[in-house]
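Chemist: The file below is start-v1.pdb, PDB, C-alpha atoms and all ligand atoms:
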MODEL        1
ATOM      1  CA  MET A   1       0.000   0.000   0.000  1.00  0.00           C
ATOM      2  CA  VAL A   2       2.712   2.470   1.014  1.00  0.00           C
ATOM      3  CA  GLU A   3       4.832   1.923  -2.111  1.00  0.00           C
ATOM      4  CA  ARG A   4       2.067   1.586  -4.686  1.00  0.00           C
ATOM      5  CA  ASN A   5      -0.601   3.974  -3.444  1.00  0.00           C
ATOM      6  CA  LEU A   6       1.280   6.532  -1.417  1.00  0.00           C
ATOM      7  CA  ARG A   7       4.919   6.993  -2.453  1.00  0.00           C
ATOM      8  CA  ARG A   8       4.230   6.553  -6.158  1.00  0.00           C
ATOM      9  CA  ARG A   9       1.386   9.081  -6.009  1.00  0.00           C
ATOM     10  CA  GLY A  10       3.616  11.730  -4.494  1.00  0.00           C
ATOM     11  CA  ILE A  11       3.599  11.350  -0.711  1.00  0.00           C
ATOM     12  CA  ARG A  12       7.175  12.238   0.253  1.00  0.00           C
ATOM     13  CA  ASP A  13       7.232  12.589   4.043  1.00  0.00           C
ATOM     14  CA  GLU A  14       9.112   9.492   5.230  1.00  0.00           C
ATOM     15  CA  ARG A  15       7.693   9.776   8.764  1.00  0.00           C
ATOM     16  CA  VAL A  16       4.142   9.696   7.386  1.00  0.00           C
ATOM     17  CA  LEU A  17       4.942   6.751   5.089  1.00  0.00           C
ATOM     18  CA  GLU A  18       6.548   4.890   7.961  1.00  0.00           C
ATOM     19  CA  ALA A  19       3.638   5.572  10.347  1.00  0.00           C
ATOM     20  CA  MET A  20       1.133   4.365   7.751  1.00  0.00           C
ATOM     21  CA  ALA A  21       3.190   1.235   7.154  1.00  0.00           C
ATOM     22  CA  ARG A  22       2.932   0.506  10.888  1.00  0.00           C
ATOM     23  CA  VAL A  23      -0.791   1.089  11.501  1.00  0.00           C
ATOM     24  CA  PRO A  24      -2.771  -2.050  10.518  1.00  0.00           C
ATOM     25  CA  ARG A  25      -5.678  -0.652   8.455  1.00  0.00           C
ATOM     26  CA  HIS A  26      -7.441  -4.033   8.335  1.00  0.00           C
ATOM     27  CA  VAL A  27      -8.182  -3.727  12.085  1.00  0.00           C
ATOM     28  CA  PHE A  28     -10.207  -0.538  11.421  1.00  0.00           C
ATOM     29  CA  VAL A  29     -12.417  -1.762   8.568  1.00  0.00           C
ATOM     30  CA  ARG A  30     -15.460  -4.004   8.869  1.00  0.00           C
ATOM     31  CA  PRO A  31     -14.679  -7.751   8.858  1.00  0.00           C
ATOM     32  CA  GLU A  32     -16.212  -8.186   5.399  1.00  0.00           C
ATOM     33  CA  HIS A  33     -13.796  -5.587   3.977  1.00  0.00           C
ATOM     34  CA  ARG A  34     -10.573  -7.004   5.443  1.00  0.00           C
ATOM     35  CA  ALA A  35      -9.480  -8.428   2.079  1.00  0.00           C
ATOM     36  CA  VAL A  36      -9.515  -4.954   0.492  1.00  0.00           C
ATOM     37  CA  ALA A  37      -8.296  -3.028   3.548  1.00  0.00           C
ATOM     38  CA  TYR A  38      -5.055  -1.983   1.802  1.00  0.00           C
ATOM     39  CA  ALA A  39      -6.611  -0.981  -1.528  1.00  0.00           C
ATOM     40  CA  ASP A  40      -6.699   2.758  -2.180  1.00  0.00           C
ATOM     41  CA  MET A  41     -10.387   3.377  -1.641  1.00  0.00           C
ATOM     42  CA  PRO A  42     -12.681   4.657   1.064  1.00  0.00           C
ATOM     43  CA  LEU A  43     -14.678   1.933   2.837  1.00  0.00           C
ATOM     44  CA  PRO A  44     -17.999   2.107   4.670  1.00  0.00           C
ATOM     45  CA  THR A  45     -17.954   2.094   8.489  1.00  0.00           C
ATOM     46  CA  ARG A  46     -21.587   2.297   9.621  1.00  0.00           C
ATOM     47  CA  ASP A  47     -24.600   4.572   9.219  1.00  0.00           C
ATOM     48  CA  GLY A  48     -23.438   5.748   5.774  1.00  0.00           C
ATOM     49  CA  GLN A  49     -20.077   6.944   7.140  1.00  0.00           C
ATOM     50  CA  THR A  50     -16.669   6.025   5.731  1.00  0.00           C
ATOM     51  CA  ILE A  51     -13.014   5.477   6.511  1.00  0.00           C
ATOM     52  CA  SER A  52     -11.101   7.699   4.054  1.00  0.00           C
ATOM     53  CA  GLN A  53      -8.900   6.206   1.346  1.00  0.00           C
ATOM     54  CA  PRO A  54      -5.244   5.748   2.373  1.00  0.00           C
ATOM     55  CA  TYR A  55      -3.923   8.293  -0.134  1.00  0.00           C
ATOM     56  CA  ILE A  56      -6.165  11.027   1.294  1.00  0.00           C
ATOM     57  CA  VAL A  57      -5.200  10.111   4.877  1.00  0.00           C
ATOM     58  CA  ALA A  58      -1.531  10.361   3.858  1.00  0.00           C
ATOM     59  CA  LEU A  59      -2.022  13.656   2.006  1.00  0.00           C
ATOM     60  CA  MET A  60      -3.868  15.253   4.940  1.00  0.00           C
ATOM     61  CA  THR A  61      -1.393  13.947   7.505  1.00  0.00           C
ATOM     62  CA  GLU A  62       1.559  15.192   5.444  1.00  0.00           C
ATOM     63  CA  ALA A  63      -0.094  18.618   5.067  1.00  0.00           C
ATOM     64  CA  LEU A  64      -0.414  18.894   8.878  1.00  0.00           C
ATOM     65  CA  ARG A  65       3.402  18.546   9.282  1.00  0.00           C
ATOM     66  CA  VAL A  66       3.017  16.681  12.572  1.00  0.00           C
ATOM     67  CA  LYS A  67       6.036  16.878  14.843  1.00  0.00           C
ATOM     68  CA  GLU A  68       6.743  14.486  17.717  1.00  0.00           C
ATOM     69  CA  GLY A  69       4.676  15.694  20.689  1.00  0.00           C
ATOM     70  CA  ALA A  70       2.402  17.920  18.584  1.00  0.00           C
ATOM     71  CA  ARG A  71      -1.147  18.586  19.830  1.00  0.00           C
ATOM     72  CA  ILE A  72      -3.646  17.701  17.109  1.00  0.00           C
ATOM     73  CA  PHE A  73      -7.444  18.031  17.112  1.00  0.00           C
ATOM     74  CA  GLU A  74      -9.430  15.759  14.777  1.00  0.00           C
ATOM     75  CA  ILE A  75     -13.098  16.180  13.834  1.00  0.00           C
ATOM     76  CA  GLY A  76     -14.691  12.827  12.959  1.00  0.00           C
ATOM     77  CA  THR A  77     -12.972   9.926  14.750  1.00  0.00           C
ATOM     78  CA  GLY A  78     -14.925   7.441  12.617  1.00  0.00           C
ATOM     79  CA  SER A  79     -13.078   4.113  12.693  1.00  0.00           C
ATOM     80  CA  GLY A  80     -10.128   5.682  14.543  1.00  0.00           C
ATOM     81  CA  TYR A  81      -7.713   4.945  11.678  1.00  0.00           C
ATOM     82  CA  GLN A  82      -6.613   8.545  11.114  1.00  0.00           C
ATOM     83  CA  THR A  83      -6.383   9.005  14.893  1.00  0.00           C
ATOM     84  CA  ALA A  84      -4.030   6.008  15.094  1.00  0.00           C
ATOM     85  CA  VAL A  85      -1.847   7.346  12.268  1.00  0.00           C
ATOM     86  CA  LEU A  86      -1.483  10.654  14.136  1.00  0.00           C
ATOM     87  CA  ALA A  87      -0.641   8.826  17.390  1.00  0.00           C
ATOM     88  CA  ALA A  88       1.890   6.666  15.530  1.00  0.00           C
ATOM     89  CA  LEU A  89       3.603   9.924  14.496  1.00  0.00           C
ATOM     90  CA  GLY A  90       4.042  10.773  18.176  1.00  0.00           C
ATOM     91  CA  ALA A  91       1.245  13.346  18.377  1.00  0.00           C
ATOM     92  CA  SER A  92      -1.183  13.790  21.263  1.00  0.00           C
ATOM     93  CA  VAL A  93      -4.600  13.599  19.658  1.00  0.00           C
ATOM     94  CA  TRP A  94      -7.973  15.007  20.725  1.00  0.00           C
ATOM     95  CA  SER A  95     -10.693  13.570  18.498  1.00  0.00           C
ATOM     96  CA  VAL A  96     -14.484  14.021  18.552  1.00  0.00           C
ATOM     97  CA  GLU A  97     -17.065  11.796  16.847  1.00  0.00           C
ATOM     98  CA  ALA A  98     -20.758  12.668  16.520  1.00  0.00           C
ATOM     99  CA  SER A  99     -22.050   9.082  16.284  1.00  0.00           C
ATOM    100  CA  ALA A 100     -22.219   7.389  19.696  1.00  0.00           C
ATOM    101  CA  ASP A 101     -21.810   3.927  18.133  1.00  0.00           C
ATOM    102  CA  LEU A 102     -18.733   4.880  16.107  1.00  0.00           C
ATOM    103  CA  HIS A 103     -17.257   6.706  19.107  1.00  0.00           C
ATOM    104  CA  ARG A 104     -17.694   3.656  21.345  1.00  0.00           C
ATOM    105  CA  GLU A 105     -16.238   1.239  18.786  1.00  0.00           C
ATOM    106  CA  ALA A 106     -13.233   3.449  18.010  1.00  0.00           C
ATOM    107  CA  ALA A 107     -12.521   4.015  21.708  1.00  0.00           C
ATOM    108  CA  ALA A 108     -12.504   0.269  22.407  1.00  0.00           C
ATOM    109  CA  ARG A 109     -10.361  -0.476  19.345  1.00  0.00           C
ATOM    110  CA  LEU A 110      -7.738   2.204  20.028  1.00  0.00           C
ATOM    111  CA  GLN A 111      -7.494   1.231  23.685  1.00  0.00           C
ATOM    112  CA  GLU A 112      -7.069  -2.434  22.814  1.00  0.00           C
ATOM    113  CA  MET A 113      -4.324  -1.535  20.332  1.00  0.00           C
ATOM    114  CA  GLY A 114      -2.492   0.291  23.085  1.00  0.00           C
ATOM    115  CA  TYR A 115      -2.068   3.739  21.566  1.00  0.00           C
ATOM    116  CA  ALA A 116      -1.074   6.418  24.070  1.00  0.00           C
ATOM    117  CA  GLY A 117      -1.966  10.097  24.126  1.00  0.00           C
ATOM    118  CA  ILE A 118      -5.420   9.790  22.574  1.00  0.00           C
ATOM    119  CA  HIS A 119      -8.395  11.691  24.044  1.00  0.00           C
ATOM    120  CA  LEU A 120     -11.798  10.860  22.581  1.00  0.00           C
ATOM    121  CA  ALA A 121     -15.214  12.411  23.031  1.00  0.00           C
ATOM    122  CA  CYS A 122     -18.664  12.061  21.510  1.00  0.00           C
ATOM    123  CA  GLY A 123     -20.297  15.290  20.329  1.00  0.00           C
ATOM    124  CA  ASP A 124     -20.088  18.132  17.826  1.00  0.00           C
ATOM    125  CA  GLY A 125     -16.441  18.442  16.777  1.00  0.00           C
ATOM    126  CA  THR A 126     -17.090  21.645  14.850  1.00  0.00           C
ATOM    127  CA  LEU A 127     -17.060  23.356  18.265  1.00  0.00           C
ATOM    128  CA  GLY A 128     -13.454  22.268  18.782  1.00  0.00           C
ATOM    129  CA  TRP A 129     -12.127  21.296  22.212  1.00  0.00           C
ATOM    130  CA  PRO A 130     -11.545  24.681  23.922  1.00  0.00           C
ATOM    131  CA  GLU A 131     -10.176  23.141  27.163  1.00  0.00           C
ATOM    132  CA  ALA A 132      -7.327  21.462  25.258  1.00  0.00           C
ATOM    133  CA  ALA A 133      -6.615  24.371  22.860  1.00  0.00           C
ATOM    134  CA  PRO A 134      -4.424  25.793  21.448  1.00  0.00           C
ATOM    135  CA  PHE A 135      -3.538  23.046  18.981  1.00  0.00           C
ATOM    136  CA  ASP A 136      -0.627  22.765  16.562  1.00  0.00           C
ATOM    137  CA  GLY A 137      -3.028  21.403  13.989  1.00  0.00           C
ATOM    138  CA  ILE A 138      -6.717  20.730  13.366  1.00  0.00           C
ATOM    139  CA  LEU A 139      -7.903  18.102  10.924  1.00  0.00           C
ATOM    140  CA  ALA A 140     -11.482  17.907   9.635  1.00  0.00           C
ATOM    141  CA  THR A 141     -12.184  14.445   8.201  1.00  0.00           C
ATOM    142  CA  GLY A 142     -15.629  15.424   6.909  1.00  0.00           C
ATOM    143  CA  SER A 143     -16.690  18.416   4.825  1.00  0.00           C
ATOM    144  CA  LEU A 144     -17.469  21.933   6.020  1.00  0.00           C
ATOM    145  CA  PRO A 145     -19.559  24.506   4.136  1.00  0.00           C
ATOM    146  CA  ALA A 146     -17.197  27.404   4.902  1.00  0.00           C
ATOM    147  CA  ARG A 147     -13.920  28.299   6.561  1.00  0.00           C
ATOM    148  CA  PRO A 148     -14.401  27.461  10.267  1.00  0.00           C
ATOM    149  CA  GLN A 149     -13.408  30.766  11.865  1.00  0.00           C
ATOM    150  CA  ASP A 150     -14.062  29.712  15.477  1.00  0.00           C
ATOM    151  CA  LEU A 151     -12.013  26.540  15.063  1.00  0.00           C
ATOM    152  CA  LEU A 152      -9.123  28.498  13.566  1.00  0.00           C
ATOM    153  CA  ARG A 153      -8.990  30.468  16.823  1.00  0.00           C
ATOM    154  CA  GLN A 154      -8.155  27.203  18.630  1.00  0.00           C
ATOM    155  CA  ILE A 155      -4.930  26.894  16.593  1.00  0.00           C
ATOM    156  CA  ARG A 156      -1.692  28.421  17.879  1.00  0.00           C
ATOM    157  CA  PRO A 157       0.072  31.004  15.679  1.00  0.00           C
ATOM    158  CA  GLY A 158       1.972  29.103  12.996  1.00  0.00           C
ATOM    159  CA  GLY A 159      -0.337  26.087  13.298  1.00  0.00           C
ATOM    160  CA  VAL A 160      -2.307  24.513  10.502  1.00  0.00           C
ATOM    161  CA  PHE A 161      -5.902  23.541   9.602  1.00  0.00           C
ATOM    162  CA  VAL A 162      -6.446  20.827   7.004  1.00  0.00           C
ATOM    163  CA  GLY A 163      -9.872  19.799   5.734  1.00  0.00           C
ATOM    164  CA  PRO A 164     -12.420  19.759   2.905  1.00  0.00           C
ATOM    165  CA  ILE A 165     -14.397  22.981   2.381  1.00  0.00           C
ATOM    166  CA  GLY A 166     -17.113  23.505  -0.208  1.00  0.00           C
ATOM    167  CA  GLY A 167     -20.367  21.908  -1.301  1.00  0.00           C
ATOM    168  CA  LEU A 168     -22.127  18.779  -0.044  1.00  0.00           C
ATOM    169  CA  ARG A 169     -20.883  16.670  -2.942  1.00  0.00           C
ATOM    170  CA  GLU A 170     -17.588  18.266  -3.937  1.00  0.00           C
ATOM    171  CA  GLN A 171     -15.063  20.229  -1.971  1.00  0.00           C
ATOM    172  CA  ARG A 172     -11.536  21.567  -2.081  1.00  0.00           C
ATOM    173  CA  LEU A 173      -9.101  19.983   0.348  1.00  0.00           C
ATOM    174  CA  VAL A 174      -7.477  23.062   1.881  1.00  0.00           C
ATOM    175  CA  ARG A 175      -4.527  23.744   4.113  1.00  0.00           C
ATOM    176  CA  ILE A 176      -4.755  26.974   6.109  1.00  0.00           C
ATOM    177  CA  GLU A 177      -1.709  28.247   7.935  1.00  0.00           C
ATOM    178  CA  VAL A 178      -2.778  30.455  10.812  1.00  0.00           C
ATOM    179  CA  ASP A 179      -0.541  33.333  11.805  1.00  0.00           C
ATOM    180  CA  PRO A 180      -1.270  36.212  14.169  1.00  0.00           C
ATOM    181  CA  THR A 181      -2.434  38.626  11.490  1.00  0.00           C
ATOM    182  CA  ASN A 182      -3.980  36.484   8.764  1.00  0.00           C
ATOM    183  CA  ALA A 183      -4.569  32.995   7.421  1.00  0.00           C
ATOM    184  CA  VAL A 184      -2.813  31.696   4.316  1.00  0.00           C
ATOM    185  CA  GLU A 185      -4.906  29.200   2.369  1.00  0.00           C
ATOM    186  CA  GLU A 186      -3.677  26.672  -0.166  1.00  0.00           C
ATOM    187  CA  THR A 187      -5.788  24.150  -2.135  1.00  0.00           C
ATOM    188  CA  LEU A 188      -4.354  20.625  -2.115  1.00  0.00           C
ATOM    189  CA  CYS A 189      -6.850  18.926  -4.431  1.00  0.00           C
ATOM    190  CA  ALA A 190     -10.512  18.461  -5.319  1.00  0.00           C
ATOM    191  CA  CYS A 191     -12.226  15.923  -3.109  1.00  0.00           C
ATOM    192  CA  SER A 192     -15.529  14.454  -1.960  1.00  0.00           C
ATOM    193  CA  PHE A 193     -15.973  13.794   1.769  1.00  0.00           C
ATOM    194  CA  VAL A 194     -19.004  12.890   3.859  1.00  0.00           C
ATOM    195  CA  PRO A 195     -20.473  16.006   5.517  1.00  0.00           C
ATOM    196  CA  LEU A 196     -19.810  17.105   9.085  1.00  0.00           C
ATOM    197  CA  VAL A 197     -23.165  17.843  10.675  1.00  0.00           C
ATOM    198  CA  GLY A 198     -23.013  20.446  13.424  1.00  0.00           C
ATOM    199  CA  ARG A 199     -22.906  24.092  14.353  1.00  0.00           C
ATOM    200  CA  ASP A 200     -20.162  25.048  11.896  1.00  0.00           C
ATOM    201  CA  GLY A 201     -20.887  22.071   9.647  1.00  0.00           C
ATOM    202  CA  TRP A 202     -24.061  21.280   7.743  1.00  0.00           C
ATOM    203  CA  HIS A 203     -27.491  21.793   9.261  1.00  0.00           C
ATOM    204  CA  GLN A 204     -29.771  19.092   7.968  1.00  0.00           C
ATOM    205  CA  PRO A 205     -32.198  19.044   6.323  1.00  0.00           C
ATOM    206  CA  ALA A 206     -32.136  22.775   5.480  1.00  0.00           C
ATOM    207  CA  ASP A 207     -28.688  22.616   3.818  1.00  0.00           C
ATOM    208  CA  GLN A 208     -29.570  20.002   1.197  1.00  0.00           C
ATOM    209  CA  GLU A 209     -28.229  21.144  -2.160  1.00  0.00           C
ATOM    210  CA  GLY A 210     -30.602  21.004  -5.121  1.00  0.00           C
TER     211      GLY A 210
HETATM  212  N1  LIG B   1     -11.303   9.907  10.413  1.00  0.00           N
HETATM  213  C1  LIG B   1     -12.207   8.789  10.122  1.00  0.00           C
HETATM  214  C2  LIG B   1     -13.098   9.064   8.948  1.00  0.00           C
HETATM  215  C3  LIG B   1     -14.283   9.816   9.387  1.00  0.00           C
HETATM  216  S1  LIG B   1     -15.566  10.101   8.216  1.00  0.00           S
HETATM  217  C4  LIG B   1     -11.440   7.508   9.915  1.00  0.00           C
HETATM  218  O1  LIG B   1     -10.190   7.544   9.816  1.00  0.00           O
HETATM  219  O2  LIG B   1     -12.076   6.451   9.904  1.00  0.00           O
HETATM  220  C5  LIG B   1     -16.311  11.495   9.052  1.00  0.00           C
HETATM  221  C6  LIG B   1     -16.889  11.198  10.406  1.00  0.00           C
HETATM  222  O3  LIG B   1     -17.352  12.416  10.968  1.00  0.00           O
HETATM  223  C7  LIG B   1     -18.072  10.252  10.430  1.00  0.00           C
HETATM  224  O4  LIG B   1     -17.760   9.156  11.246  1.00  0.00           O
HETATM  225  C8  LIG B   1     -19.225  11.088  11.036  1.00  0.00           C
HETATM  226  O5  LIG B   1     -20.048  10.343  11.908  1.00  0.00           O
HETATM  227  C9  LIG B   1     -18.456  12.142  11.804  1.00  0.00           C
HETATM  228  N2  LIG B   1     -19.131  13.431  12.045  1.00  0.00           N
HETATM  229  C10 LIG B   1     -20.076  14.062  11.320  1.00  0.00           C
HETATM  230  N3  LIG B   1     -20.351  15.269  11.850  1.00  0.00           N
HETATM  231  C11 LIG B   1     -19.546  15.415  12.958  1.00  0.00           C
HETATM  232  C12 LIG B   1     -19.361  16.443  13.939  1.00  0.00           C
HETATM  233  N4  LIG B   1     -20.010  17.613  13.900  1.00  0.00           N
HETATM  234  N5  LIG B   1     -18.459  16.216  14.921  1.00  0.00           N
HETATM  235  C13 LIG B   1     -17.765  15.055  14.978  1.00  0.00           C
HETATM  236  N6  LIG B   1     -17.906  14.054  14.083  1.00  0.00           N
HETATM  237  C14 LIG B   1     -18.771  14.228  13.084  1.00  0.00           C
ENDMDL
END
How would this structure read if it were set down as structure tokens?
Ligand code: SAH
Modeler:
Amino acid sequence: MVERNLRRRGIRDERVLEAMARVPRHVFVRPEHRAVAYADMPLPTRDGQTISQPYIVALMTEALRVKEGARIFEIGTGSGYQTAVLAALGASVWSVEASADLHREAAARLQEMGYAGIHLACGDGTLGWPEAAPFDGILATGSLPARPQDLLRQIRPGGVFVGPIGGLREQRLVRIEVDPTNAVEETLCACSFVPLVGRDGWHQPADQEG
């Protein structure tokens, strides 16, 4: 997976490649998907949610430039795969999942696997985690309709936000570097993520696009 889907497609950060080689993705997918766990595609978790494709996980993780000991906030724990990749890089991770079932499953899985420095909660991740802020990086693993201004305030100067911003079906994966006076935004690629539903996410059903 690392050689064929990640390095060959342009992921260069050796620490990210090495962390993704170490985290067993098959443990995070549903039993019926184990055989394709290392193929480069998103897979369903439950309730219409997904675990992102490995290339996108690698691209987002690389864009965060995670240093050993960094404090990272993730919105959308899902299966816990991305959380584990961040922990494998030596980060302390705060991650929030809206679905109680997914939250419970991911918490049990990550604890059983023995990862340290992971703090999980069930709720609306678009609110951030003010008690643990400021973060070195924030990662949204579902889409947002607009730049999340309140979340950006939970990032320390020089820190980074990475996530998909745009419409319900298509978004731009953006990297925003936050500095004291402004925010520098860069588009990494076009993408299509499941929506984040919450205060600074989508408000269903009113937000449905025509
Ligand atoms: N990072 C996950 C992929 C998550 S997909 C992984 O590696 O498996 C996006 C997730 O965001 C879904 O599980 C969905 O339930 C969750 N979600 C949706 N809205 C949310 C919100 N406001 N706060 C936290 N999680 C949310």
Chemist: Identify which of the residues A:Glu185, A:Glu3, A:Glu97, A:Asp124 lies closest to Thr83 of chain A, counting all atoms listed in the file when measuring atom-to-atom distances.
Modeler: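 That would be A:Glu97, the residue with the smallest distance to Thr83 of chain A.
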Chemist: Please extract the residues at most 7 Å from ligand LIG 1 (chain B), counting only C-alpha atoms and all ligand atoms, and provide them as a PyMOL selection string, using the chain letters and residue numbers of this document.
Modeler: chain A and resi 49-52+75-83+96-99+102+123-126+141-142+194-198+201
Chemist: Calculated over only C-alpha atoms, which of the candidates A:Trp202, A:Glu105, A:Leu188, A:Ile72 has the smallest distance to Pro148 of chain A?
Modeler: A:Trp202
Chemist: Tyr55 of chain A: which residues within 9 Å, counting all atoms listed in the file, same-chain residues fewer than 6 positions away excluded, as a ChimeraX atom specification?
Modeler: /A:2,5-6,9,11,40-41
Chemist: Go ahead and write the residues just picked, C-alpha atoms, as a short mmCIF file (atom, residue, chain, number, x, y, z; two decimals), in the frame of the given file.
Modeler:
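Below is the file again22.cif, written as the result:
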data_model
loop_
_atom_site.label_atom_id
_atom_site.label_comp_id
_atom_site.auth_asym_id
_atom_site.auth_seq_id
_atom_site.Cartn_x
_atom_site.Cartn_y
_atom_site.Cartn_z
CA VAL A 2 2.71 2.47 1.01
CA ASN A 5 -0.60 3.97 -3.44
CA LEU A 6 1.28 6.53 -1.42
CA ARG A 9 1.39 9.08 -6.01
CA ILE A 11 3.60 11.35 -0.71
CA ASP A 40 -6.70 2.76 -2.18
CA MET A 41 -10.39 3.38 -1.64
#
Chemist: Taking into account all atoms listed in the file, which residue in the set A:Pro44, A:Gly159, A:Gly10, A:Pro31 is nearest to Val66 of chain A?
Modeler: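 Among the listed residues, A:Gly159 lies closest to Val66 of chain A.
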Chemist: Using the chain letters and numbering of this document, enumerate as a list of chain:residue names the residues selected by the PyMOL selection byres (((chain A and resi 24-28) around 7) and not hetatm).
Modeler: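 This file, filtered by the PyMOL selection byres (((chain A and resi 24-28) around 7) and not hetatm), leaves A:Arg22, A:Val23, A:Val29, A:Arg30, A:Arg34, A:Ala37, A:Tyr38, A:Ser79, A:Gly80, A:Tyr81.
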Chemist: Please measure the separation of atom CA of Asn182 of chain A and atom CA of Ile165 of chain A, giving the value in Å to one decimal.
Modeler: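 Between atom CA of Asn182 of chain A and atom CA of Ile165 of chain A the gap is 18.2 Å.
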Chemist: I'd like the interatomic distance between atom CA of Gly90 of chain A and atom CA of Gly69 of chain A, to a tenth of an Å.
Modeler: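 Atom-to-atom, atom CA of Gly90 of chain A and atom CA of Gly69 of chain A are spaced 5.6 Å apart.
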Chemist: What does the distance from atom CA of Cys189 of chain A to atom CA of Gln171 of chain A come to in Å, to one decimal?
Modeler: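 Atom-to-atom, atom CA of Cys189 of chain A and atom CA of Gln171 of chain A are spaced 8.7 Å apart.
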Chemist: Could I see segment 134-147 of chain A restored to N, CA, C and O atoms, set down as a PDB file, keeping the file's coordinate frame?
Modeler:
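Generated output (rebuild27.pdb):
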ATOM      1  N   PRO A 134      -4.551  25.772  22.907  1.00  0.00           N
ATOM      2  CA  PRO A 134      -4.424  25.793  21.448  1.00  0.00           C
ATOM      3  C   PRO A 134      -3.737  24.533  20.896  1.00  0.00           C
ATOM      4  O   PRO A 134      -2.926  23.917  21.555  1.00  0.00           O
ATOM      5  N   PHE A 135      -4.097  24.208  19.657  1.00  0.00           N
ATOM      6  CA  PHE A 135      -3.538  23.046  18.981  1.00  0.00           C
ATOM      7  C   PHE A 135      -2.487  23.472  17.953  1.00  0.00           C
ATOM      8  O   PHE A 135      -2.520  24.580  17.440  1.00  0.00           O
ATOM      9  N   ASP A 136      -1.587  22.532  17.654  1.00  0.00           N
ATOM     10  CA  ASP A 136      -0.627  22.765  16.562  1.00  0.00           C
ATOM     11  C   ASP A 136      -1.301  22.524  15.215  1.00  0.00           C
ATOM     12  O   ASP A 136      -0.883  23.070  14.200  1.00  0.00           O
ATOM     13  N   GLY A 137      -2.326  21.674  15.238  1.00  0.00           N
ATOM     14  CA  GLY A 137      -3.028  21.403  13.989  1.00  0.00           C
ATOM     15  C   GLY A 137      -4.436  20.917  14.244  1.00  0.00           C
ATOM     16  O   GLY A 137      -4.709  20.291  15.271  1.00  0.00           O
ATOM     17  N   ILE A 138      -5.351  21.246  13.330  1.00  0.00           N
ATOM     18  CA  ILE A 138      -6.717  20.730  13.366  1.00  0.00           C
ATOM     19  C   ILE A 138      -7.018  20.076  12.031  1.00  0.00           C
ATOM     20  O   ILE A 138      -6.704  20.622  10.965  1.00  0.00           O
ATOM     21  N   LEU A 139      -7.610  18.882  12.110  1.00  0.00           N
ATOM     22  CA  LEU A 139      -7.903  18.102  10.924  1.00  0.00           C
ATOM     23  C   LEU A 139      -9.397  17.814  10.885  1.00  0.00           C
ATOM     24  O   LEU A 139      -9.938  17.224  11.821  1.00  0.00           O
ATOM     25  N   ALA A 140     -10.070  18.246   9.815  1.00  0.00           N
ATOM     26  CA  ALA A 140     -11.482  17.907   9.635  1.00  0.00           C
ATOM     27  C   ALA A 140     -11.555  16.741   8.668  1.00  0.00           C
ATOM     28  O   ALA A 140     -11.071  16.844   7.538  1.00  0.00           O
ATOM     29  N   THR A 141     -12.129  15.609   9.092  1.00  0.00           N
ATOM     30  CA  THR A 141     -12.184  14.445   8.201  1.00  0.00           C
ATOM     31  C   THR A 141     -13.573  14.271   7.579  1.00  0.00           C
ATOM     32  O   THR A 141     -13.901  13.222   7.063  1.00  0.00           O
ATOM     33  N   GLY A 142     -14.381  15.338   7.644  1.00  0.00           N
ATOM     34  CA  GLY A 142     -15.629  15.424   6.909  1.00  0.00           C
ATOM     35  C   GLY A 142     -15.715  16.851   6.395  1.00  0.00           C
ATOM     36  O   GLY A 142     -14.945  17.719   6.817  1.00  0.00           O
ATOM     37  N   SER A 143     -16.695  17.112   5.494  1.00  0.00           N
ATOM     38  CA  SER A 143     -16.690  18.416   4.825  1.00  0.00           C
ATOM     39  C   SER A 143     -17.370  19.508   5.629  1.00  0.00           C
ATOM     40  O   SER A 143     -18.277  19.267   6.433  1.00  0.00           O
ATOM     41  N   LEU A 144     -16.925  20.726   5.402  1.00  0.00           N
ATOM     42  CA  LEU A 144     -17.469  21.933   6.020  1.00  0.00           C
ATOM     43  C   LEU A 144     -17.943  22.869   4.921  1.00  0.00           C
ATOM     44  O   LEU A 144     -17.314  22.958   3.866  1.00  0.00           O
ATOM     45  N   PRO A 145     -19.047  23.614   5.166  1.00  0.00           N
ATOM     46  CA  PRO A 145     -19.559  24.506   4.136  1.00  0.00           C
ATOM     47  C   PRO A 145     -18.734  25.785   3.963  1.00  0.00           C
ATOM     48  O   PRO A 145     -18.814  26.440   2.930  1.00  0.00           O
ATOM     49  N   ALA A 146     -17.956  26.146   4.977  1.00  0.00           N
ATOM     50  CA  ALA A 146     -17.197  27.404   4.902  1.00  0.00           C
ATOM     51  C   ALA A 146     -15.993  27.314   5.835  1.00  0.00           C
ATOM     52  O   ALA A 146     -15.909  26.409   6.670  1.00  0.00           O
ATOM     53  N   ARG A 147     -15.093  28.263   5.691  1.00  0.00           N
ATOM     54  CA  ARG A 147     -13.920  28.299   6.561  1.00  0.00           C
ATOM     55  C   ARG A 147     -14.361  28.408   8.033  1.00  0.00           C
ATOM     56  O   ARG A 147     -15.125  29.311   8.374  1.00  0.00           O
TER      57      ARG A 147
END
